[in-house]
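Written below as structure tokens is the structure these notes are about.
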Amino acid sequence: MTLMAERPVMSDPKPREGFDEMLDVLDELKVPAGYKAEIINRNIILSPLSKGYYTRVMRSVCAQLEPHLPEGHIIERSPDLFVFPGVERAYGPDIHAAHARTYETDSIRLDGEGLSLVGELTSHSTRDVDLADKAQMYGRSGVPVYLLLDMQEERTTVFWLPSDRGYQARLSRSFGEKMEIPDPFGCILDTTGFTLKAT
């Protein structure tokens with residue numbers, strides 16, 4: 001397998017027999033350092049990990065949202081894999097908020113139904129998937145809020161009101177502006193400082 005920086009890589013271009021078999025392959029996959037693996041559109045995709053300054057942005061998002069979490073929920077930015085059998089996807093969101101019991105398992109596969117929010121920070125390699133596939137599939141899977149930080153366009157978009165066709169509502173703001181995060185959070189996210197600082 002050849003890995004290329006800043007481009008997603010398919011581990012196998014041929015579709016697998018079924019979603020469960022793909023999950024089994026993912027369980028055993030030796031992911032190279034600096035990459036994460038997800039199941040997207042019936043393919044196992046390896047994507048490079050986030051850029052350094054994304055950590056500062058993710059920490060800010062988590063710190064601002066934590067006081068507004070639904071009862072019993074926690075927010076994390078660890079590389080966890082959430083499984084969505086209904087849409088045959090397995091995603092590793094950059095930020096995720098879910099009920100604490102969602103994490104009480106010895107499996108690497110976490111139940112996507114426990115999520116109250118997912119957040120993705122785009123890169124050149126993941127932007128199209130984050131804007132299209134994930135926006136639709138998180139909505140179809142019933143995740144209440146999808147927070148998309150478009151790091152290339154320096155824009156925040158929040159999606160809510162999930163349905164079987166995706167999200168029914170969305171709102172975008174440029175970095176530096178305040179963004180309303182809908183229920184079950186019902187708070188304001190300040191996106192000041194989400195750009196790369198000049199050194």
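Residue numbering restarts at 1 in every chain; chains get A, B, ... in the order shown in the structure tokens, and ligands count up from 1 in that same order.
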Q.
Based on the backbone DSSP call, show me all residues of range 38-168 of chain A assigned strand (DSSP E or B), as a ChimeraX atom specification.
A. /A:38-40,43-48,73-76,81-84,89-91,95-99,109-111,115-121,145-150,155-163,166-168
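Near Val143 in chain A, within 7 Å and counting only C-alpha atoms, sit Leu115, Ser116, Leu117 and Pro162 of chain A, not including residues fewer than 6 positions from it in the same chain.
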If you count only C-alpha atoms, which residues fall within 12 Å of Glu154 in chain A, apart from same-chain ones fewer than 6 positions away, as a compact mmCIF listing (two decimals) with N, CA and C atoms, in the first residue's frame?
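To be explicit, this is the file written out as part-v6.txt:
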# COMPACT_ATOMS: atom_id res chain seq x y z
N VAL A 57 -7.70 24.57 18.42
CA VAL A 57 -9.09 24.83 18.04
C VAL A 57 -10.01 23.81 18.69
N LEU A 121 -12.99 18.92 11.68
CA LEU A 121 -12.15 20.00 11.19
C LEU A 121 -11.59 19.54 9.85
N THR A 122 -11.89 20.27 8.80
CA THR A 122 -11.51 19.81 7.47
C THR A 122 -10.01 19.96 7.24
N SER A 123 -9.50 19.11 6.35
CA SER A 123 -8.16 19.26 5.80
C SER A 123 -8.33 19.16 4.28
N LEU A 148 -19.19 21.64 11.75
CA LEU A 148 -18.17 21.53 10.72
C LEU A 148 -17.31 22.78 10.72
N SER A 172 -24.13 29.07 8.78
CA SER A 172 -22.69 29.25 8.61
C SER A 172 -22.27 30.65 9.04
N ARG A 173 -21.06 30.73 9.59
CA ARG A 173 -20.46 32.00 9.98
C ARG A 173 -18.95 31.92 9.71
N SER A 174 -18.35 33.06 9.44
CA SER A 174 -16.90 33.13 9.26
C SER A 174 -16.21 33.00 10.61
N PHE A 175 -14.98 32.47 10.60
CA PHE A 175 -14.19 32.42 11.83
C PHE A 175 -14.05 33.84 12.37
N GLY A 176 -14.12 33.95 13.68
CA GLY A 176 -14.07 35.24 14.34
C GLY A 176 -15.44 35.69 14.79
N GLU A 177 -16.51 35.08 14.21
CA GLU A 177 -17.87 35.40 14.60
C GLU A 177 -18.37 34.39 15.62
N THR A 191 -15.77 31.70 17.79
CA THR A 191 -14.76 31.14 16.90
C THR A 191 -13.55 32.05 16.72
N THR A 192 -13.42 33.04 17.57
CA THR A 192 -12.24 33.91 17.53
C THR A 192 -10.99 33.06 17.77
N GLY A 193 -9.97 33.27 16.96
CA GLY A 193 -8.71 32.56 17.15
C GLY A 193 -8.66 31.19 16.53
N PHE A 194 -9.63 30.83 15.67
CA PHE A 194 -9.62 29.50 15.05
C PHE A 194 -8.70 29.41 13.85
N THR A 195 -8.08 30.52 13.44
CA THR A 195 -7.15 30.50 12.32
C THR A 195 -5.73 30.25 12.83
N LEU A 196 -4.83 29.91 11.91
CA LEU A 196 -3.44 29.69 12.26
C LEU A 196 -2.81 31.02 12.65
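The spacing separating CA of Asp24 in chain A from CA of Arg140 in chain A amounts to 23.5 Å.
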Q: Write out as a ChimeraX atom specification each polymer residue whose atoms come within 9 Å of Ser60 in chain A, counting only C-alpha atoms; drop sequence neighbours fewer than 4 positions from it.
A: /A:55-56,64-65,190-191,194
Q.
Give me, as a PyMOL selection string, all polymer residues having an atom no more than 7 Å from His68 in chain A, counting only C-alpha atoms and skipping those fewer than 2 positions away in the same chain.
A. chain A and resi 65-66+70+185+187
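The list of residues with at least one atom within 8 Å of Met58 in chain A, based on only C-alpha atoms and without residues fewer than 5 positions apart in the same chain, reads Arg77, Asp94 and Ile95 of chain A.
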Q. What lies within 9 Å of Leu81 in chain A using only C-alpha atoms, ignoring chain neighbours under 5 positions off, as a PyMOL selection string?
A. chain A and resi 37-38+90-93+108-112
Q. Hey, what does DSSP flag as alpha helix (DSSP H) within range 3-198 of chain A? Can you give it to me as number ranges by chain?
A. A: 19-28, 52-65, 127-131, 133-140
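Between Glu153 in chain A and the residues A:Arg59, A:Arg127, A:Gln168, A:Val31, the shortest atom-to-atom distance, using only C-alpha atoms, involves A:Arg127.
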